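> Input file: entry.cif. Contents: mmCIF, C-alpha atoms, pLDDT in the B column; chains and numbers go by the auth columns.
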data_start
#
loop_
_atom_site.group_PDB
_atom_site.id
_atom_site.type_symbol
_atom_site.label_atom_id
_atom_site.label_comp_id
_atom_site.label_asym_id
_atom_site.label_seq_id
_atom_site.Cartn_x
_atom_site.Cartn_y
_atom_site.Cartn_z
_atom_site.B_iso_or_equiv
_atom_site.auth_seq_id
_atom_site.auth_asym_id
ATOM 1 C CA MET A 1 10.564 0.815 -34.728 96.00 15 C
ATOM 2 C CA ILE A 2 13.847 1.950 -33.201 97.00 16 C
ATOM 3 C CA VAL A 3 16.218 -0.202 -31.150 98.00 17 C
ATOM 4 C CA LEU A 4 18.697 1.442 -28.809 98.00 18 C
ATOM 5 C CA VAL A 5 21.679 -0.480 -27.460 98.00 19 C
ATOM 6 C CA ALA A 6 23.685 1.343 -24.803 98.00 20 C
ATOM 7 C CA ARG A 7 26.845 0.341 -22.988 98.00 21 C
ATOM 8 C CA TYR A 8 27.588 1.938 -19.638 98.00 22 C
ATOM 9 C CA TYR A 9 31.220 1.690 -18.546 98.00 23 C
ATOM 10 C CA VAL A 10 30.979 2.522 -14.861 98.00 24 C
ATOM 11 C CA LYS A 11 33.762 3.984 -12.736 98.00 25 C
ATOM 12 C CA PRO A 12 35.452 1.139 -10.846 98.00 26 C
ATOM 13 C CA GLY A 13 33.480 -0.064 -7.848 97.00 27 C
ATOM 14 C CA ARG A 14 30.348 2.005 -8.574 98.00 28 C
ATOM 15 C CA GLY A 15 28.377 -0.731 -10.355 98.00 29 C
ATOM 16 C CA ASP A 16 26.023 -1.428 -7.446 98.00 30 C
ATOM 17 C CA GLU A 17 24.863 2.199 -7.483 98.00 31 C
ATOM 18 C CA VAL A 18 24.140 2.036 -11.208 98.00 32 C
ATOM 19 C CA ALA A 19 22.327 -1.285 -10.778 98.00 33 C
ATOM 20 C CA ALA A 20 20.092 0.228 -8.081 98.00 34 C
ATOM 21 C CA ALA A 21 19.207 3.202 -10.300 98.00 35 C
ATOM 22 C CA LEU A 22 18.428 0.927 -13.257 98.00 36 C
ATOM 23 C CA ARG A 23 16.200 -1.261 -11.062 98.00 37 C
ATOM 24 C CA GLU A 24 14.297 1.892 -10.126 98.00 38 C
ATOM 25 C CA MET A 25 14.142 3.083 -13.743 98.00 39 C
ATOM 26 C CA ALA A 26 12.667 -0.028 -15.380 97.00 40 C
ATOM 27 C CA PRO A 27 9.218 -0.009 -13.718 97.00 41 C
ATOM 28 C CA LEU A 28 8.893 3.746 -14.297 98.00 42 C
ATOM 29 C CA VAL A 29 9.506 3.256 -18.009 98.00 43 C
ATOM 30 C CA GLU A 30 6.959 0.439 -18.119 96.00 44 C
ATOM 31 C CA GLU A 31 4.333 2.452 -16.242 97.00 45 C
ATOM 32 C CA HIS A 32 4.735 5.854 -17.899 98.00 46 C
ATOM 33 C CA GLU A 33 6.025 5.227 -21.440 98.00 47 C
ATOM 34 C CA PRO A 34 3.605 3.431 -23.754 97.00 48 C
ATOM 35 C CA GLY A 35 5.929 4.125 -26.700 98.00 49 C
ATOM 36 C CA CYS A 36 8.703 2.062 -25.101 98.00 50 C
ATOM 37 C CA LEU A 37 8.032 -1.504 -26.189 98.00 51 C
ATOM 38 C CA LEU A 38 10.948 -3.108 -24.336 97.00 52 C
ATOM 39 C CA TYR A 39 13.431 -1.895 -21.723 98.00 53 C
ATOM 40 C CA HIS A 40 16.062 -4.366 -20.501 97.00 54 C
ATOM 41 C CA ALA A 41 19.062 -3.399 -18.414 98.00 55 C
ATOM 42 C CA ASN A 42 21.744 -6.079 -18.124 98.00 56 C
ATOM 43 C CA ARG A 43 24.898 -6.351 -16.031 98.00 57 C
ATOM 44 C CA SER A 44 27.953 -8.176 -17.320 98.00 58 C
ATOM 45 C CA ARG A 45 28.734 -11.461 -15.606 97.00 59 C
ATOM 46 C CA ASP A 46 32.461 -10.851 -16.120 97.00 60 C
ATOM 47 C CA ASN A 47 32.666 -7.157 -15.222 97.00 61 C
ATOM 48 C CA ALA A 48 30.363 -5.807 -12.489 97.00 62 C
ATOM 49 C CA ASP A 49 31.007 -2.278 -13.758 98.00 63 C
ATOM 50 C CA LEU A 50 29.680 -2.872 -17.290 98.00 64 C
ATOM 51 C CA PHE A 51 25.992 -2.597 -18.199 98.00 65 C
ATOM 52 C CA ILE A 52 24.263 -3.173 -21.514 98.00 66 C
ATOM 53 C CA LEU A 53 20.810 -1.741 -22.086 98.00 67 C
ATOM 54 C CA TYR A 54 18.521 -2.998 -24.837 98.00 68 C
ATOM 55 C CA GLU A 55 15.515 -0.817 -25.594 98.00 69 C
ATOM 56 C CA ARG A 56 12.823 -0.837 -28.312 98.00 70 C
ATOM 57 C CA TYR A 57 10.677 2.190 -29.142 98.00 71 C
ATOM 58 C CA ARG A 58 7.657 2.501 -31.378 98.00 72 C
ATOM 59 C CA ASP A 59 9.242 5.443 -33.223 97.00 73 C
ATOM 60 C CA ALA A 60 11.619 8.400 -32.909 96.00 74 C
ATOM 61 C CA ALA A 61 8.997 10.436 -31.035 98.00 75 C
ATOM 62 C CA ALA A 62 8.751 7.723 -28.364 98.00 76 C
ATOM 63 C CA LEU A 63 12.527 7.719 -27.931 97.00 77 C
ATOM 64 C CA GLU A 64 12.573 11.496 -27.588 97.00 78 C
ATOM 65 C CA ALA A 65 9.693 11.319 -25.103 98.00 79 C
ATOM 66 C CA HIS A 66 11.715 8.791 -23.067 98.00 80 C
ATOM 67 C CA ARG A 67 14.676 11.139 -22.868 97.00 81 C
ATOM 68 C CA ALA A 68 12.419 14.001 -21.737 98.00 82 C
ATOM 69 C CA THR A 69 10.778 12.173 -18.820 98.00 83 C
ATOM 70 C CA PRO A 70 11.489 13.282 -15.257 98.00 84 C
ATOM 71 C CA HIS A 71 12.640 9.764 -14.335 98.00 85 C
ATOM 72 C CA PHE A 72 15.171 9.716 -17.210 98.00 86 C
ATOM 73 C CA GLN A 73 16.490 13.126 -16.210 98.00 87 C
ATOM 74 C CA ARG A 74 16.761 12.177 -12.531 98.00 88 C
ATOM 75 C CA LEU A 75 18.002 8.587 -12.762 98.00 89 C
ATOM 76 C CA ILE A 76 19.978 8.428 -15.997 98.00 90 C
ATOM 77 C CA GLU A 77 21.299 11.950 -16.452 98.00 91 C
ATOM 78 C CA GLY A 78 21.379 12.911 -12.767 98.00 92 C
ATOM 79 C CA THR A 79 22.424 9.684 -11.036 98.00 93 C
ATOM 80 C CA ILE A 80 23.996 7.284 -13.535 98.00 94 C
ATOM 81 C CA VAL A 81 25.882 9.491 -16.002 98.00 95 C
ATOM 82 C CA PRO A 82 28.096 11.045 -13.276 98.00 96 C
ATOM 83 C CA LEU A 83 29.120 7.483 -12.295 98.00 97 C
ATOM 84 C CA LEU A 84 30.272 6.552 -15.806 98.00 98 C
ATOM 85 C CA ASP A 85 33.694 6.577 -17.374 98.00 99 C
ATOM 86 C CA LYS A 86 32.075 6.211 -20.786 98.00 100 C
ATOM 87 C CA ARG A 87 28.668 5.710 -22.414 98.00 101 C
ATOM 88 C CA GLU A 88 28.195 4.313 -25.904 98.00 102 C
ATOM 89 C CA ARG A 89 24.844 4.290 -27.715 97.00 103 C
ATOM 90 C CA GLU A 90 23.855 2.709 -30.994 98.00 104 C
ATOM 91 C CA LEU A 91 20.517 3.205 -32.750 97.00 105 C
ATOM 92 C CA CYS A 92 19.375 0.233 -34.836 97.00 106 C
ATOM 93 C CA HIS A 93 16.453 -0.970 -36.933 94.00 107 C
ATOM 94 C CA PRO A 94 15.176 -4.536 -36.651 89.00 108 C
ATOM 95 C CA VAL A 95 15.782 -6.730 -39.699 92.00 109 C
#
Taking this structure as input, can you express it in the form of structure tokens?

Amino acid sequence: MIVLVARYYVKPGRGDEVAAALREMAPLVEEHEPGCLLYHANRSRDNADLFILYERYRDAAALEAHRATPHFQRLIEGTIVPLLDKRERELCHPV
């Protein structure tokens, strides 16, 4: 199993746009990605332009499949990434 934790540092004032894209993304992941075991997008209570995503994948192939989906390309790469100042990602293993 692979855990991905991502932090999205959004350009000031653009957090609502990122939130809308993430709300659209979550049901698409659930419907089309059986290898994604958990997909949670969270917005900071203290900073409306900071998001933390917590994702669990069955294996590396499932994570790669996620990144190749049309919804990932459209919503994450096409919509969200241009709205970010910075994106940090950490791959983890459960203990």
> Which is closest to Asp30 in chain C among C:Ala79, C:Leu97, C:Leu67, C:Pro84, if we use all atoms listed in the file?
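Going through C:Ala79, C:Leu97, C:Leu67, C:Pro84 one by one, the smallest distance to Asp30 in chain C is for C:Leu97.
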> Taking 3 positions as the minimum chain separation for residues in the same chain, which residues sit within 12 Å of Ala74 in chain C when counting only C-alpha atoms? Answer as an mmCIF file with C-alpha atoms, in the coordinates of the input.

data_model
loop_
_atom_site.group_PDB
_atom_site.id
_atom_site.type_symbol
_atom_site.label_atom_id
_atom_site.label_comp_id
_atom_site.auth_asym_id
_atom_site.auth_seq_id
_atom_site.Cartn_x
_atom_site.Cartn_y
_atom_site.Cartn_z
ATOM 1 C CA MET C 15 10.564 0.815 -34.728
ATOM 2 C CA ILE C 16 13.847 1.950 -33.201
ATOM 3 C CA VAL C 17 16.218 -0.202 -31.150
ATOM 4 C CA LEU C 18 18.697 1.442 -28.809
ATOM 5 C CA GLY C 49 5.929 4.125 -26.700
ATOM 6 C CA CYS C 50 8.703 2.062 -25.101
ATOM 7 C CA ARG C 70 12.823 -0.837 -28.312
ATOM 8 C CA TYR C 71 10.677 2.190 -29.142
ATOM 9 C CA LEU C 77 12.527 7.719 -27.931
ATOM 10 C CA GLU C 78 12.573 11.496 -27.588
ATOM 11 C CA ALA C 79 9.693 11.319 -25.103
ATOM 12 C CA HIS C 80 11.715 8.791 -23.067
ATOM 13 C CA ARG C 81 14.676 11.139 -22.868
ATOM 14 C CA LEU C 105 20.517 3.205 -32.750
ATOM 15 C CA CYS C 106 19.375 0.233 -34.836
ATOM 16 C CA HIS C 107 16.453 -0.970 -36.933
#
> Taking 5 positions as the minimum chain separation for residues in the same chain, which residues sit within 8 Å of Val32 in chain C when counting only C-alpha atoms? Answer as a list in words.
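The filter keeps Val24, Thr93, Ile94 and Leu97 of chain C.
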> CA of Leu98 in chain C to CA of Asn56 in chain C: how many Å, to one decimal?
15.4 Å
> Just give me the gap between CA of Arg59 in chain C and CA of Glu104 in chain C in Å, one decimal is fine.
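Those two atoms sit 21.5 Å apart.
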> Mind listing as a list of chain:residue names all residues within 12 Å of (10.2, 11.9, -15.4), counting all atoms listed in the file?
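Residues with an atom at most 12 Å from (10.2, 11.9, -15.4): C:Met39, C:Leu42, C:Val43, C:Glu45, C:His46, C:Glu47, C:Ala79, C:His80, C:Arg81, C:Ala82, C:Thr83, C:Pro84, C:His85, C:Phe86, C:Gln87, C:Arg88, C:Leu89, C:Ile90, C:Glu91, C:Gly92.
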> Please report the interatomic distance between CA of Pro96 in chain C and CA of Arg37 in chain C in Å with one decimal.
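So the two atoms, CA of Pro96 in chain C and CA of Arg37 in chain C, lie 17.3 Å apart.
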> For the file shown, what are the residues hit by the PyMOL selection byres ((chain C and resi 63) around 7), laid out as a ChimeraX atom specification?
/C:23-29,61-62,64-65
> My list of candidates is C:Tyr53, C:Val95, C:Val109, C:Arg101. Which is closest to Glu31 in chain C when distances are computed with all atoms listed in the file?
C:Val95
> Give the answer as one residue: which of C:Arg103, C:Ala76, C:Ala35, C:Val19 has the shortest atom-to-atom distance to Leu51 in chain C, using all atoms listed in the file?
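Distance minimum relative to Leu51 in chain C lands on C:Ala76.
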> Reconstruct N, CA, C and O atoms of range 48-67 of chain C from the incomplete input and present them as a short mmCIF file (atom, residue, chain, number, x, y, z; two decimals), in the coordinates of the input.

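So out-v8.cif came out as:
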data_model
loop_
_atom_site.label_atom_id
_atom_site.label_comp_id
_atom_site.auth_asym_id
_atom_site.auth_seq_id
_atom_site.Cartn_x
_atom_site.Cartn_y
_atom_site.Cartn_z
N PRO C 48 4.22 4.42 -22.86
CA PRO C 48 3.60 3.43 -23.75
C PRO C 48 4.36 3.25 -25.07
O PRO C 48 4.24 2.21 -25.71
N GLY C 49 5.16 4.23 -25.47
CA GLY C 49 5.93 4.12 -26.70
C GLY C 49 7.19 3.30 -26.57
O GLY C 49 7.84 2.97 -27.56
N CYS C 50 7.56 2.94 -25.33
CA CYS C 50 8.70 2.06 -25.10
C CYS C 50 8.17 0.64 -25.06
O CYS C 50 7.44 0.25 -24.15
N LEU C 51 8.54 -0.15 -26.05
CA LEU C 51 8.03 -1.50 -26.19
C LEU C 51 8.83 -2.52 -25.39
O LEU C 51 8.33 -3.60 -25.07
N LEU C 52 10.08 -2.19 -25.07
CA LEU C 52 10.95 -3.11 -24.34
C LEU C 52 12.06 -2.31 -23.70
O LEU C 52 12.66 -1.43 -24.34
N TYR C 53 12.35 -2.58 -22.44
CA TYR C 53 13.43 -1.90 -21.72
C TYR C 53 14.12 -2.94 -20.84
O TYR C 53 13.57 -3.35 -19.83
N HIS C 54 15.31 -3.38 -21.26
CA HIS C 54 16.06 -4.37 -20.50
C HIS C 54 17.44 -3.81 -20.16
O HIS C 54 18.21 -3.46 -21.06
N ALA C 55 17.72 -3.76 -18.88
CA ALA C 55 19.06 -3.40 -18.41
C ALA C 55 19.75 -4.68 -17.96
O ALA C 55 19.16 -5.49 -17.24
N ASN C 56 20.99 -4.86 -18.40
CA ASN C 56 21.74 -6.08 -18.12
C ASN C 56 23.11 -5.72 -17.56
O ASN C 56 23.73 -4.75 -18.00
N ARG C 57 23.58 -6.55 -16.63
CA ARG C 57 24.90 -6.35 -16.03
C ARG C 57 25.80 -7.50 -16.48
O ARG C 57 25.42 -8.67 -16.42
N SER C 58 27.00 -7.17 -16.88
CA SER C 58 27.95 -8.18 -17.32
C SER C 58 28.26 -9.17 -16.20
O SER C 58 28.42 -8.77 -15.03
N ARG C 59 28.36 -10.43 -16.57
CA ARG C 59 28.73 -11.46 -15.61
C ARG C 59 30.24 -11.42 -15.33
O ARG C 59 30.68 -11.90 -14.28
N ASP C 60 31.01 -10.87 -16.25
CA ASP C 60 32.46 -10.85 -16.12
C ASP C 60 33.00 -9.54 -15.56
O ASP C 60 34.13 -9.50 -15.09
N ASN C 61 32.21 -8.48 -15.65
CA ASN C 61 32.67 -7.16 -15.22
C ASN C 61 31.49 -6.45 -14.56
O ASN C 61 30.59 -5.96 -15.24
N ALA C 62 31.48 -6.39 -13.25
CA ALA C 62 30.36 -5.81 -12.49
C ALA C 62 30.18 -4.32 -12.75
O ALA C 62 29.17 -3.74 -12.32
N ASP C 63 31.10 -3.70 -13.45
CA ASP C 63 31.01 -2.28 -13.76
C ASP C 63 30.70 -2.03 -15.24
O ASP C 63 30.95 -0.95 -15.75
N LEU C 64 30.11 -3.01 -15.90
CA LEU C 64 29.68 -2.87 -17.29
C LEU C 64 28.21 -3.26 -17.40
O LEU C 64 27.81 -4.33 -16.95
N PHE C 65 27.42 -2.36 -18.01
CA PHE C 65 25.99 -2.60 -18.20
C PHE C 65 25.66 -2.44 -19.68
O PHE C 65 26.21 -1.57 -20.36
N ILE C 66 24.75 -3.27 -20.14
CA ILE C 66 24.26 -3.17 -21.51
C ILE C 66 22.75 -3.04 -21.45
O ILE C 66 22.07 -3.88 -20.85
N LEU C 67 22.25 -1.98 -22.04
CA LEU C 67 20.81 -1.74 -22.09
C LEU C 67 20.31 -2.02 -23.49
O LEU C 67 20.96 -1.63 -24.47
#
